[in-house]
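> Got target-v3.pdb for you, PDB, C-alpha atoms, pLDDT in the B column:
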ATOM      1  CA  MET A  14      -4.033  27.240  -0.846  1.00 40.00           C
ATOM      2  CA  THR A  15      -3.341  24.227  -3.053  1.00 51.00           C
ATOM      3  CA  GLU A  16      -5.435  21.180  -2.227  1.00 76.00           C
ATOM      4  CA  SER A  17      -3.247  18.348  -0.973  1.00 92.00           C
ATOM      5  CA  SER A  18      -3.763  14.831  -2.293  1.00 96.00           C
ATOM      6  CA  ILE A  19      -3.388  11.326  -0.965  1.00 98.00           C
ATOM      7  CA  LEU A  20      -1.666   8.951  -3.366  1.00 98.00           C
ATOM      8  CA  ILE A  21      -2.605   5.272  -3.091  1.00 98.00           C
ATOM      9  CA  THR A  22      -0.750   2.867  -5.362  1.00 98.00           C
ATOM     10  CA  GLY A  23      -2.672  -0.208  -6.459  1.00 95.00           C
ATOM     11  CA  GLY A  24      -5.939   1.464  -5.561  1.00 92.00           C
ATOM     12  CA  ALA A  25      -8.250  -0.051  -8.163  1.00 90.00           C
ATOM     13  CA  GLN A  26      -9.774  -2.772  -6.001  1.00 90.00           C
ATOM     14  CA  ARG A  27     -10.220  -4.310  -2.575  1.00 93.00           C
ATOM     15  CA  LEU A  28      -8.238  -2.626   0.227  1.00 95.00           C
ATOM     16  CA  GLY A  29      -6.824   0.176  -1.895  1.00 95.00           C
ATOM     17  CA  LEU A  30     -10.147   1.191  -3.402  1.00 95.00           C
ATOM     18  CA  HIS A  31     -11.904   1.004  -0.048  1.00 96.00           C
ATOM     19  CA  CYS A  32      -9.321   3.313   1.516  1.00 97.00           C
ATOM     20  CA  ALA A  33      -9.523   5.686  -1.450  1.00 97.00           C
ATOM     21  CA  ARG A  34     -13.292   6.000  -1.110  1.00 96.00           C
ATOM     22  CA  ARG A  35     -13.082   6.464   2.647  1.00 97.00           C
ATOM     23  CA  PHE A  36     -10.537   9.254   2.266  1.00 97.00           C
ATOM     24  CA  VAL A  37     -12.862  10.994  -0.179  1.00 96.00           C
ATOM     25  CA  GLU A  38     -15.707  10.671   2.334  1.00 95.00           C
ATOM     26  CA  ASP A  39     -13.453  12.350   4.876  1.00 94.00           C
ATOM     27  CA  GLY A  40     -12.849  15.286   2.557  1.00 93.00           C
ATOM     28  CA  HIS A  41      -9.562  14.399   0.865  1.00 95.00           C
ATOM     29  CA  HIS A  42      -8.647  14.411  -2.799  1.00 96.00           C
ATOM     30  CA  VAL A  43      -7.221  11.029  -3.831  1.00 97.00           C
ATOM     31  CA  ILE A  44      -5.009   9.787  -6.643  1.00 97.00           C
ATOM     32  CA  ILE A  45      -4.818   6.049  -7.275  1.00 97.00           C
ATOM     33  CA  THR A  46      -2.698   3.981  -9.616  1.00 97.00           C
ATOM     34  CA  CYS A  47      -3.793   0.852 -11.422  1.00 94.00           C
ATOM     35  CA  ARG A  48      -2.369  -1.528 -13.995  1.00 90.00           C
ATOM     36  CA  ARG A  49      -5.514  -1.313 -16.116  1.00 88.00           C
ATOM     37  CA  MET A  50      -8.611   0.835 -16.209  1.00 85.00           C
ATOM     38  CA  ARG A  51     -11.874  -0.778 -15.119  1.00 84.00           C
ATOM     39  CA  ASP A  52     -14.879  -0.873 -17.462  1.00 80.00           C
ATOM     40  CA  GLU A  53     -17.274  -0.198 -14.594  1.00 83.00           C
ATOM     41  CA  TRP A  54     -15.716   3.232 -14.069  1.00 85.00           C
ATOM     42  CA  ASP A  55     -17.234   4.353 -17.386  1.00 76.00           C
ATOM     43  CA  GLN A  56     -20.686   3.692 -15.972  1.00 77.00           C
ATOM     44  CA  THR A  57     -19.933   4.700 -12.385  1.00 80.00           C
ATOM     45  CA  PRO A  58     -17.105   7.285 -12.270  1.00 81.00           C
ATOM     46  CA  LEU A  59     -14.884   7.409  -9.205  1.00 88.00           C
ATOM     47  CA  LYS A  60     -15.942  10.612  -7.465  1.00 89.00           C
ATOM     48  CA  GLY A  61     -13.081  12.588  -5.961  1.00 90.00           C
ATOM     49  CA  ILE A  62     -10.525  10.071  -7.219  1.00 95.00           C
ATOM     50  CA  ASP A  63      -8.092  10.627 -10.091  1.00 95.00           C
ATOM     51  CA  VAL A  64      -6.642   7.540 -11.763  1.00 95.00           C
ATOM     52  CA  ILE A  65      -3.156   7.155 -13.246  1.00 96.00           C
ATOM     53  CA  GLN A  66      -2.475   3.965 -15.144  1.00 96.00           C
ATOM     54  CA  ALA A  67       0.960   2.626 -14.209  1.00 96.00           C
ATOM     55  CA  ASP A  68       3.050  -0.512 -14.584  1.00 96.00           C
ATOM     56  CA  PHE A  69       5.414  -0.861 -11.636  1.00 97.00           C
ATOM     57  CA  SER A  70       6.957  -4.112 -12.890  1.00 96.00           C
ATOM     58  CA  THR A  71       9.530  -2.250 -15.023  1.00 96.00           C
ATOM     59  CA  LEU A  72      11.866   0.679 -14.448  1.00 97.00           C
ATOM     60  CA  GLY A  73      10.352   2.426 -17.437  1.00 97.00           C
ATOM     61  CA  GLY A  74       6.874   2.040 -16.022  1.00 97.00           C
ATOM     62  CA  ILE A  75       7.900   3.451 -12.653  1.00 98.00           C
ATOM     63  CA  GLU A  76       9.722   6.373 -14.243  1.00 98.00           C
ATOM     64  CA  ALA A  77       6.750   7.131 -16.500  1.00 98.00           C
ATOM     65  CA  PHE A  78       4.415   7.233 -13.497  1.00 98.00           C
ATOM     66  CA  ILE A  79       6.725   9.551 -11.559  1.00 98.00           C
ATOM     67  CA  SER A  80       6.986  11.865 -14.559  1.00 97.00           C
ATOM     68  CA  GLU A  81       3.196  11.928 -14.964  1.00 97.00           C
ATOM     69  CA  LEU A  82       2.616  12.645 -11.276  1.00 97.00           C
ATOM     70  CA  GLN A  83       5.185  15.445 -11.206  1.00 96.00           C
ATOM     71  CA  SER A  84       3.691  17.003 -14.342  1.00 95.00           C
ATOM     72  CA  ARG A  85       0.372  17.441 -12.539  1.00 93.00           C
ATOM     73  CA  ASN A  86       1.936  19.801  -9.977  1.00 91.00           C
ATOM     74  CA  VAL A  87       0.204  18.074  -7.094  1.00 95.00           C
ATOM     75  CA  THR A  88       0.853  18.672  -3.420  1.00 97.00           C
ATOM     76  CA  LEU A  89       0.872  15.474  -1.390  1.00 98.00           C
ATOM     77  CA  ARG A  90      -0.476  14.845   2.092  1.00 98.00           C
ATOM     78  CA  ALA A  91       0.405  11.134   2.081  1.00 98.00           C
ATOM     79  CA  ILE A  92       1.716   8.297  -0.051  1.00 98.00           C
ATOM     80  CA  ILE A  93       0.255   4.875   0.689  1.00 98.00           C
ATOM     81  CA  HIS A  94       2.147   2.079  -1.025  1.00 98.00           C
ATOM     82  CA  ASN A  95      -0.522  -0.564  -1.488  1.00 97.00           C
ATOM     83  CA  ALA A  96       0.422  -1.974  -4.926  1.00 96.00           C
ATOM     84  CA  SER A  97       1.116  -5.675  -4.535  1.00 94.00           C
ATOM     85  CA  LEU A  98       1.361  -8.922  -6.437  1.00 93.00           C
ATOM     86  CA  TRP A  99       1.081 -12.385  -4.938  1.00 87.00           C
ATOM     87  CA  LEU A 100       2.926 -14.971  -7.019  1.00 80.00           C
ATOM     88  CA  GLY A 101       3.908 -18.521  -6.120  1.00 73.00           C
ATOM     89  CA  GLU A 102       7.296 -20.162  -6.452  1.00 74.00           C
ATOM     90  CA  ASP A 103       6.465 -21.847  -9.740  1.00 73.00           C
ATOM     91  CA  GLY A 104       7.312 -18.633 -11.598  1.00 70.00           C
ATOM     92  CA  GLY A 105      10.949 -18.869 -10.562  1.00 76.00           C
ATOM     93  CA  HIS A 106      13.332 -15.938 -10.781  1.00 84.00           C
ATOM     94  CA  GLU A 107      11.027 -13.977 -13.085  1.00 90.00           C
ATOM     95  CA  SER A 108       8.305 -13.910 -10.443  1.00 91.00           C
ATOM     96  CA  PHE A 109      10.829 -12.811  -7.841  1.00 91.00           C
ATOM     97  CA  GLN A 110      12.018 -10.000 -10.096  1.00 95.00           C
ATOM     98  CA  THR A 111       8.471  -8.810 -10.769  1.00 95.00           C
ATOM     99  CA  MET A 112       7.565  -8.718  -7.078  1.00 94.00           C
ATOM    100  CA  PHE A 113      10.868  -7.016  -6.243  1.00 96.00           C
ATOM    101  CA  MET A 114      10.000  -4.246  -8.696  1.00 97.00           C
ATOM    102  CA  ILE A 115       6.480  -3.754  -7.366  1.00 97.00           C
ATOM    103  CA  HIS A 116       7.117  -4.222  -3.646  1.00 97.00           C
ATOM    104  CA  MET A 117      10.531  -2.561  -3.336  1.00 98.00           C
ATOM    105  CA  GLN A 118      11.851  -0.768  -6.423  1.00 98.00           C
ATOM    106  CA  ALA A 119       8.695   1.258  -7.050  1.00 98.00           C
ATOM    107  CA  PRO A 120       8.257   2.464  -3.442  1.00 98.00           C
ATOM    108  CA  TYR A 121      11.974   3.273  -3.246  1.00 98.00           C
ATOM    109  CA  MET A 122      11.940   5.370  -6.414  1.00 98.00           C
ATOM    110  CA  ILE A 123       8.602   7.038  -5.682  1.00 98.00           C
ATOM    111  CA  ASN A 124       9.615   7.977  -2.133  1.00 98.00           C
ATOM    112  CA  ILE A 125      12.807   9.626  -3.377  1.00 98.00           C
ATOM    113  CA  ALA A 126      11.279  11.358  -6.390  1.00 97.00           C
ATOM    114  CA  CYS A 127       8.181  12.606  -4.584  1.00 96.00           C
ATOM    115  CA  LYS A 128       9.718  13.910  -1.370  1.00 97.00           C
ATOM    116  CA  GLY A 129       9.567  17.419  -2.786  1.00 96.00           C
ATOM    117  CA  LEU A 130       5.831  17.141  -3.495  1.00 97.00           C
ATOM    118  CA  PHE A 131       4.963  17.343   0.212  1.00 97.00           C
ATOM    119  CA  GLU A 132       4.144  20.791   1.547  1.00 95.00           C
ATOM    120  CA  ALA A 133       6.930  22.125   3.755  1.00 94.00           C
ATOM    121  CA  GLY A 134       5.892  22.355   7.389  1.00 95.00           C
ATOM    122  CA  ALA A 135       2.607  20.515   6.848  1.00 96.00           C
ATOM    123  CA  PRO A 136       1.693  17.008   8.084  1.00 97.00           C
ATOM    124  CA  ALA A 137       3.219  14.388   5.779  1.00 98.00           C
ATOM    125  CA  ASP A 138       3.160  10.599   5.782  1.00 98.00           C
ATOM    126  CA  ILE A 139       4.454   7.645   3.809  1.00 98.00           C
ATOM    127  CA  ILE A 140       2.860   4.312   4.672  1.00 98.00           C
ATOM    128  CA  HIS A 141       3.969   0.938   3.318  1.00 98.00           C
ATOM    129  CA  LEU A 142       1.441  -1.914   3.225  1.00 97.00           C
ATOM    130  CA  THR A 143       3.535  -5.001   3.907  1.00 96.00           C
ATOM    131  CA  ASP A 144       2.344  -8.389   5.174  1.00 92.00           C
ATOM    132  CA  TYR A 145       2.375 -10.664   8.215  1.00 93.00           C
ATOM    133  CA  VAL A 146       4.830 -12.958   6.405  1.00 86.00           C
ATOM    134  CA  ALA A 147       7.386 -10.145   6.091  1.00 87.00           C
ATOM    135  CA  GLN A 148       8.498 -10.839   9.647  1.00 85.00           C
ATOM    136  CA  HIS A 149       7.746 -14.547   9.765  1.00 89.00           C
ATOM    137  CA  GLY A 150       8.643 -15.938   6.346  1.00 85.00           C
ATOM    138  CA  SER A 151       6.710 -18.396   4.222  1.00 78.00           C
ATOM    139  CA  SER A 152       7.693 -21.867   3.070  1.00 74.00           C
ATOM    140  CA  LYS A 153       5.346 -21.699   0.075  1.00 79.00           C
ATOM    141  CA  HIS A 154       5.806 -18.068  -0.986  1.00 81.00           C
ATOM    142  CA  VAL A 155       9.473 -17.352  -0.356  1.00 90.00           C
ATOM    143  CA  ALA A 156       9.888 -14.581  -2.937  1.00 90.00           C
ATOM    144  CA  TYR A 157       6.694 -12.806  -1.895  1.00 92.00           C
ATOM    145  CA  ALA A 158       7.696 -12.867   1.779  1.00 94.00           C
ATOM    146  CA  ALA A 159      11.246 -11.700   0.994  1.00 95.00           C
ATOM    147  CA  THR A 160      10.158  -8.719  -1.088  1.00 96.00           C
ATOM    148  CA  LYS A 161       7.584  -7.670   1.483  1.00 96.00           C
ATOM    149  CA  ALA A 162      10.327  -7.924   4.117  1.00 96.00           C
ATOM    150  CA  GLY A 163      12.424  -5.641   1.944  1.00 97.00           C
ATOM    151  CA  LEU A 164       9.592  -3.124   1.924  1.00 97.00           C
ATOM    152  CA  GLU A 165       9.423  -3.391   5.703  1.00 97.00           C
ATOM    153  CA  ASN A 166      13.124  -2.541   5.883  1.00 97.00           C
ATOM    154  CA  LEU A 167      12.612   0.459   3.602  1.00 98.00           C
ATOM    155  CA  THR A 168      10.198   1.750   6.228  1.00 98.00           C
ATOM    156  CA  GLN A 169      13.010   1.935   8.766  1.00 97.00           C
ATOM    157  CA  SER A 170      15.482   3.576   6.410  1.00 98.00           C
ATOM    158  CA  PHE A 171      13.128   6.230   5.059  1.00 98.00           C
ATOM    159  CA  ALA A 172      11.788   6.974   8.551  1.00 98.00           C
ATOM    160  CA  ARG A 173      15.326   7.843   9.653  1.00 98.00           C
ATOM    161  CA  GLN A 174      16.165   9.735   6.478  1.00 98.00           C
ATOM    162  CA  TYR A 175      12.967  11.802   6.239  1.00 98.00           C
ATOM    163  CA  ALA A 176      12.492  12.675   9.915  1.00 98.00           C
ATOM    164  CA  PRO A 177      11.285  15.031  11.210  1.00 97.00           C
ATOM    165  CA  SER A 178       9.448  16.382   8.144  1.00 97.00           C
ATOM    166  CA  ILE A 179       7.826  13.139   6.914  1.00 98.00           C
ATOM    167  CA  LYS A 180       6.652  10.243   9.075  1.00 98.00           C
ATOM    168  CA  VAL A 181       7.197   6.804   7.544  1.00 98.00           C
ATOM    169  CA  ASN A 182       5.441   3.716   8.900  1.00 98.00           C
ATOM    170  CA  SER A 183       4.067   0.380   7.744  1.00 98.00           C
ATOM    171  CA  VAL A 184       0.979  -1.743   8.243  1.00 98.00           C
ATOM    172  CA  ALA A 185       1.423  -5.527   8.202  1.00 96.00           C
ATOM    173  CA  PRO A 186      -1.940  -7.283   7.700  1.00 95.00           C
ATOM    174  CA  PHE A 187      -2.664 -10.977   8.009  1.00 94.00           C
ATOM    175  CA  LEU A 188      -6.199 -11.947   6.929  1.00 92.00           C
ATOM    176  CA  ILE A 189      -8.375  -8.966   6.053  1.00 93.00           C
ATOM    177  CA  MET A 190     -10.868 -10.193   3.457  1.00 92.00           C
ATOM    178  CA  PHE A 191     -11.293 -13.333   1.402  1.00 91.00           C
ATOM    179  CA  ASN A 192     -11.124 -13.469  -2.387  1.00 86.00           C
ATOM    180  CA  GLU A 193     -14.052 -14.411  -4.561  1.00 85.00           C
ATOM    181  CA  GLY A 194     -13.871 -18.119  -5.209  1.00 85.00           C
ATOM    182  CA  ASP A 195     -12.234 -19.049  -1.909  1.00 89.00           C
ATOM    183  CA  SER A 196     -13.781 -22.313  -0.751  1.00 91.00           C
ATOM    184  CA  GLU A 197     -15.609 -22.638   2.540  1.00 92.00           C
ATOM    185  CA  GLU A 198     -13.029 -25.207   3.592  1.00 92.00           C
ATOM    186  CA  TYR A 199     -10.200 -22.749   2.950  1.00 90.00           C
ATOM    187  CA  LYS A 200     -12.017 -19.968   4.804  1.00 92.00           C
ATOM    188  CA  ALA A 201     -12.643 -22.131   7.840  1.00 93.00           C
ATOM    189  CA  LYS A 202      -9.005 -23.202   7.971  1.00 92.00           C
ATOM    190  CA  ALA A 203      -7.693 -19.648   7.517  1.00 91.00           C
ATOM    191  CA  LEU A 204      -9.905 -18.253  10.268  1.00 93.00           C
ATOM    192  CA  THR A 205      -8.477 -20.666  12.829  1.00 93.00           C
ATOM    193  CA  LYS A 206      -4.986 -19.179  12.375  1.00 92.00           C
ATOM    194  CA  SER A 207      -5.720 -15.939  14.228  1.00 93.00           C
ATOM    195  CA  ALA A 208      -6.729 -15.565  17.851  1.00 94.00           C
ATOM    196  CA  LEU A 209      -9.768 -13.450  16.958  1.00 94.00           C
ATOM    197  CA  LYS A 210     -10.913 -15.860  14.221  1.00 95.00           C
ATOM    198  CA  ILE A 211     -12.730 -13.276  12.097  1.00 94.00           C
ATOM    199  CA  GLU A 212     -12.615 -11.793   8.610  1.00 92.00           C
ATOM    200  CA  PRO A 213     -12.523  -8.106   9.685  1.00 94.00           C
ATOM    201  CA  GLY A 214     -12.974  -6.426   6.294  1.00 95.00           C
ATOM    202  CA  PRO A 215     -11.082  -3.498   4.739  1.00 96.00           C
ATOM    203  CA  GLU A 216     -12.258  -0.825   7.163  1.00 97.00           C
ATOM    204  CA  VAL A 217      -9.679  -1.998   9.712  1.00 97.00           C
ATOM    205  CA  VAL A 218      -6.923  -1.137   7.226  1.00 97.00           C
ATOM    206  CA  TYR A 219      -8.319   2.343   6.716  1.00 98.00           C
ATOM    207  CA  LYS A 220      -8.483   2.876  10.473  1.00 98.00           C
ATOM    208  CA  ALA A 221      -4.885   1.669  10.834  1.00 98.00           C
ATOM    209  CA  VAL A 222      -3.701   4.049   8.134  1.00 98.00           C
ATOM    210  CA  ARG A 223      -5.630   6.945   9.687  1.00 98.00           C
ATOM    211  CA  TYR A 224      -4.116   6.217  13.082  1.00 98.00           C
ATOM    212  CA  LEU A 225      -0.602   6.462  11.644  1.00 98.00           C
ATOM    213  CA  MET A 226      -1.456   9.653   9.778  1.00 98.00           C
ATOM    214  CA  ASP A 227      -3.217  11.316  12.713  1.00 97.00           C
ATOM    215  CA  ASN A 228      -0.666  10.486  15.402  1.00 98.00           C
ATOM    216  CA  ILE A 229       2.157  13.057  15.343  1.00 98.00           C
ATOM    217  CA  TYR A 230       4.542  10.937  17.437  1.00 98.00           C
ATOM    218  CA  VAL A 231       4.791   7.653  15.524  1.00 98.00           C
ATOM    219  CA  THR A 232       7.414   6.961  12.865  1.00 98.00           C
ATOM    220  CA  GLY A 233       9.529   3.986  11.868  1.00 98.00           C
ATOM    221  CA  GLN A 234       6.910   1.618  13.254  1.00 97.00           C
ATOM    222  CA  CYS A 235       5.101  -1.443  11.917  1.00 97.00           C
ATOM    223  CA  LEU A 236       1.446  -1.634  12.925  1.00 97.00           C
ATOM    224  CA  LYS A 237       0.632  -5.336  13.012  1.00 96.00           C
ATOM    225  CA  LEU A 238      -2.904  -5.986  11.844  1.00 95.00           C
ATOM    226  CA  ASP A 239      -3.094  -9.740  12.335  1.00 92.00           C
ATOM    227  CA  GLY A 240      -5.988 -10.456  14.682  1.00 94.00           C
ATOM    228  CA  GLY A 241      -3.582 -12.115  17.100  1.00 93.00           C
ATOM    229  CA  ARG A 242      -2.064 -14.380  14.438  1.00 90.00           C
ATOM    230  CA  HIS A 243       1.324 -14.040  16.128  1.00 86.00           C
ATOM    231  CA  LEU A 244      -0.075 -15.692  19.254  1.00 85.00           C
TER     232      LEU A 244
END
Could the structure of this file be written out as structure tokens, please?

Amino acid sequence: MTESSILITGGAQRLGLHCARRFVEDGHHVIITCRRMRDEWDQTPLKGIDVIQADFSTLGGIEAFISELQSRNVTLRAIIHNASLWLGEDGGHESFQTMFMIHMQAPYMINIACKGLFEAGAPADIIHLTDYVAQHGSSKHVAYAATKAGLENLTQSFARQYAPSIKVNSVAPFLIMFNEGDSEEYKAKALTKSALKIEPGPEVVYKAVRYLMDNIYVTGQCLKLDGGRHL
């Protein structure tokens, strides 16, 4: 029997890398994508994780990744679309276009091209990592919010199109973990925005993804991971 793999886009750091490592711990083979290889991997190889370098900001880059993945003759258990870019409004239409490609065009093309890589009759999932702002908007990051909202809408469309063979859901996080360099003032202010007022860490994302994969009766849903931010 061919070993099935879990594909995580944008899996080189933070949430994506944490989920990749946790899936390996749970006995899965994982494939991640990244824009650039990391020097530290030469010293400490990623055990159980294959890496494909990919640029999702262009059609050519997306097509090249799909071709590479298909050439490996892999069987997929799940696709987790985690690749993301957070750009402000100062970049204008070019920033919007870049985020559209990464947040919407790439998942759209990958979902269509890789449908046949799932094993017929076996459990299969596609999960989109969106954002709290996808359903609430953002006055300071309009393009980011809009493209994440587009990804949220793709969840609904693919869930209808791929049922009953493939479940398609999304996870919409708010504050999961701070970035290096975030000031204490910023952290304190950010924590007050959610009802639970904590920085939960990446494990909550892994648990959310596992819930969607393990539950056979959930599709077309958005799992809000916001610590009560909506309250």
> On this structure, which residues satisfy the PyMOL selection byres ((chain A and resi 128-134) around 10), written as a ChimeraX atom specification?
/A:15,17-18,82-83,86-92,123-127,135-139,175,177-179
> Keeping only C-alpha atoms, write the selected residues as a compact mmCIF listing (two decimals), in the coordinates of the input.

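Heads up, here's the output in result-v6.txt:
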# COMPACT_ATOMS: atom_id res chain seq x y z
CA THR A 15 -3.34 24.23 -3.05
CA SER A 17 -3.25 18.35 -0.97
CA SER A 18 -3.76 14.83 -2.29
CA LEU A 82 2.62 12.64 -11.28
CA GLN A 83 5.18 15.44 -11.21
CA ASN A 86 1.94 19.80 -9.98
CA VAL A 87 0.20 18.07 -7.09
CA THR A 88 0.85 18.67 -3.42
CA LEU A 89 0.87 15.47 -1.39
CA ARG A 90 -0.48 14.84 2.09
CA ALA A 91 0.40 11.13 2.08
CA ILE A 92 1.72 8.30 -0.05
CA ILE A 123 8.60 7.04 -5.68
CA ASN A 124 9.62 7.98 -2.13
CA ILE A 125 12.81 9.63 -3.38
CA ALA A 126 11.28 11.36 -6.39
CA CYS A 127 8.18 12.61 -4.58
CA ALA A 135 2.61 20.52 6.85
CA PRO A 136 1.69 17.01 8.08
CA ALA A 137 3.22 14.39 5.78
CA ASP A 138 3.16 10.60 5.78
CA ILE A 139 4.45 7.64 3.81
CA TYR A 175 12.97 11.80 6.24
CA PRO A 177 11.28 15.03 11.21
CA SER A 178 9.45 16.38 8.14
CA ILE A 179 7.83 13.14 6.91
> What residues come out when you apply the PyMOL selection byres ((chain A and resi 244) around 8) to this file, written as a ChimeraX atom specification?
/A:207-208,241-243
> Could you save those same residues with C-alpha atoms as an mmCIF file, keeping the file's coordinate frame?

data_model
loop_
_atom_site.group_PDB
_atom_site.id
_atom_site.type_symbol
_atom_site.label_atom_id
_atom_site.label_comp_id
_atom_site.auth_asym_id
_atom_site.auth_seq_id
_atom_site.Cartn_x
_atom_site.Cartn_y
_atom_site.Cartn_z
ATOM 1 C CA SER A 207 -5.720 -15.939 14.228
ATOM 2 C CA ALA A 208 -6.729 -15.565 17.851
ATOM 3 C CA GLY A 241 -3.582 -12.115 17.100
ATOM 4 C CA ARG A 242 -2.064 -14.380 14.438
ATOM 5 C CA HIS A 243 1.324 -14.040 16.128
#
> Using the chain letters and numbers from this file, what does the PyMOL selection byres ((chain A and resi 54-70) around 10) select? Give the answer as a compact mmCIF listing (two decimals) with C-alpha atoms, keeping the file's coordinate frame.

# COMPACT_ATOMS: atom_id res chain seq x y z
CA SER A 18 -3.76 14.83 -2.29
CA ILE A 19 -3.39 11.33 -0.96
CA LEU A 20 -1.67 8.95 -3.37
CA ILE A 21 -2.60 5.27 -3.09
CA THR A 22 -0.75 2.87 -5.36
CA GLY A 23 -2.67 -0.21 -6.46
CA GLY A 24 -5.94 1.46 -5.56
CA ALA A 25 -8.25 -0.05 -8.16
CA LEU A 30 -10.15 1.19 -3.40
CA ALA A 33 -9.52 5.69 -1.45
CA ARG A 34 -13.29 6.00 -1.11
CA PHE A 36 -10.54 9.25 2.27
CA VAL A 37 -12.86 10.99 -0.18
CA GLU A 38 -15.71 10.67 2.33
CA GLY A 40 -12.85 15.29 2.56
CA HIS A 41 -9.56 14.40 0.86
CA HIS A 42 -8.65 14.41 -2.80
CA VAL A 43 -7.22 11.03 -3.83
CA ILE A 44 -5.01 9.79 -6.64
CA ILE A 45 -4.82 6.05 -7.28
CA THR A 46 -2.70 3.98 -9.62
CA CYS A 47 -3.79 0.85 -11.42
CA ARG A 48 -2.37 -1.53 -14.00
CA ARG A 49 -5.51 -1.31 -16.12
CA MET A 50 -8.61 0.84 -16.21
CA ARG A 51 -11.87 -0.78 -15.12
CA ASP A 52 -14.88 -0.87 -17.46
CA GLU A 53 -17.27 -0.20 -14.59
CA THR A 71 9.53 -2.25 -15.02
CA LEU A 72 11.87 0.68 -14.45
CA GLY A 73 10.35 2.43 -17.44
CA GLY A 74 6.87 2.04 -16.02
CA ILE A 75 7.90 3.45 -12.65
CA GLU A 76 9.72 6.37 -14.24
CA ALA A 77 6.75 7.13 -16.50
CA PHE A 78 4.42 7.23 -13.50
CA ILE A 79 6.72 9.55 -11.56
CA GLU A 81 3.20 11.93 -14.96
CA LEU A 82 2.62 12.64 -11.28
CA ALA A 96 0.42 -1.97 -4.93
CA SER A 97 1.12 -5.68 -4.54
CA LEU A 98 1.36 -8.92 -6.44
CA GLN A 110 12.02 -10.00 -10.10
CA THR A 111 8.47 -8.81 -10.77
CA MET A 112 7.56 -8.72 -7.08
CA PHE A 113 10.87 -7.02 -6.24
CA MET A 114 10.00 -4.25 -8.70
CA ILE A 115 6.48 -3.75 -7.37
CA HIS A 116 7.12 -4.22 -3.65
CA MET A 117 10.53 -2.56 -3.34
CA GLN A 118 11.85 -0.77 -6.42
CA ALA A 119 8.70 1.26 -7.05
CA PRO A 120 8.26 2.46 -3.44
> Could you tell me which of A:Ala221, A:Thr205, A:Leu28, A:Glu16 comes closest to Asn192 (chain A) if we count all atoms listed in the file?
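Under the stated criterion, the closest residue is A:Leu28.
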> Separation of CA of Ala172 (chain A) and CA of Ser80 (chain A), in Å?
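Atom-to-atom, CA of Ala172 (chain A) to CA of Ser80 (chain A), that is 24.1 Å.
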> Which of these residues is nearest to Asn95 (chain A), using all atoms listed in the file: A:Val217, A:Ala176, A:Leu209, A:Leu164?
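Counting all atoms listed in the file, the residue closest to Asn95 (chain A) is A:Leu164.
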> For region 117-134 of chain A, what centre and edge lengths in Å (one decimal) does the axis-aligned box get once 3 Å is added on each side of all its listed atoms, as AutoDock Vina command-line options?

--center_x 8.5 --center_y 9.9 --center_z 0.2 --size_x 14.7 --size_y 30.9 --size_z 20.4
> Nearest residue to His154 (chain A) out of A:Leu142, A:Leu100, A:Ala185, A:Met190, using only C-alpha atoms?
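Under the stated criterion, the closest residue is A:Leu100.
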> Give as a list in words every residue, naming chains and numbers as the document does, that has an atom within 10 Å of (9.7, -19.6, -7.2), counting all atoms listed in the file.
Leu100, Gly101, Glu102, Asp103, Gly104, Gly105, His106, Glu107, Ser108, Phe109, Lys153, His154, Val155, Ala156 and Tyr157 of chain A
> Write the residues you've just listed into a file as a PDB file, in the coordinates of the input, and include C-alpha atoms for each of them.

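Result file is out14.pdb:
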ATOM      1  CA  LEU A 100       2.926 -14.971  -7.019  1.00 80.00           C
ATOM      2  CA  GLY A 101       3.908 -18.521  -6.120  1.00 73.00           C
ATOM      3  CA  GLU A 102       7.296 -20.162  -6.452  1.00 74.00           C
ATOM      4  CA  ASP A 103       6.465 -21.847  -9.740  1.00 73.00           C
ATOM      5  CA  GLY A 104       7.312 -18.633 -11.598  1.00 70.00           C
ATOM      6  CA  GLY A 105      10.949 -18.869 -10.562  1.00 76.00           C
ATOM      7  CA  HIS A 106      13.332 -15.938 -10.781  1.00 84.00           C
ATOM      8  CA  GLU A 107      11.027 -13.977 -13.085  1.00 90.00           C
ATOM      9  CA  SER A 108       8.305 -13.910 -10.443  1.00 91.00           C
ATOM     10  CA  PHE A 109      10.829 -12.811  -7.841  1.00 91.00           C
ATOM     11  CA  LYS A 153       5.346 -21.699   0.075  1.00 79.00           C
ATOM     12  CA  HIS A 154       5.806 -18.068  -0.986  1.00 81.00           C
ATOM     13  CA  VAL A 155       9.473 -17.352  -0.356  1.00 90.00           C
ATOM     14  CA  ALA A 156       9.888 -14.581  -2.937  1.00 90.00           C
ATOM     15  CA  TYR A 157       6.694 -12.806  -1.895  1.00 92.00           C
TER      16      TYR A 157
END
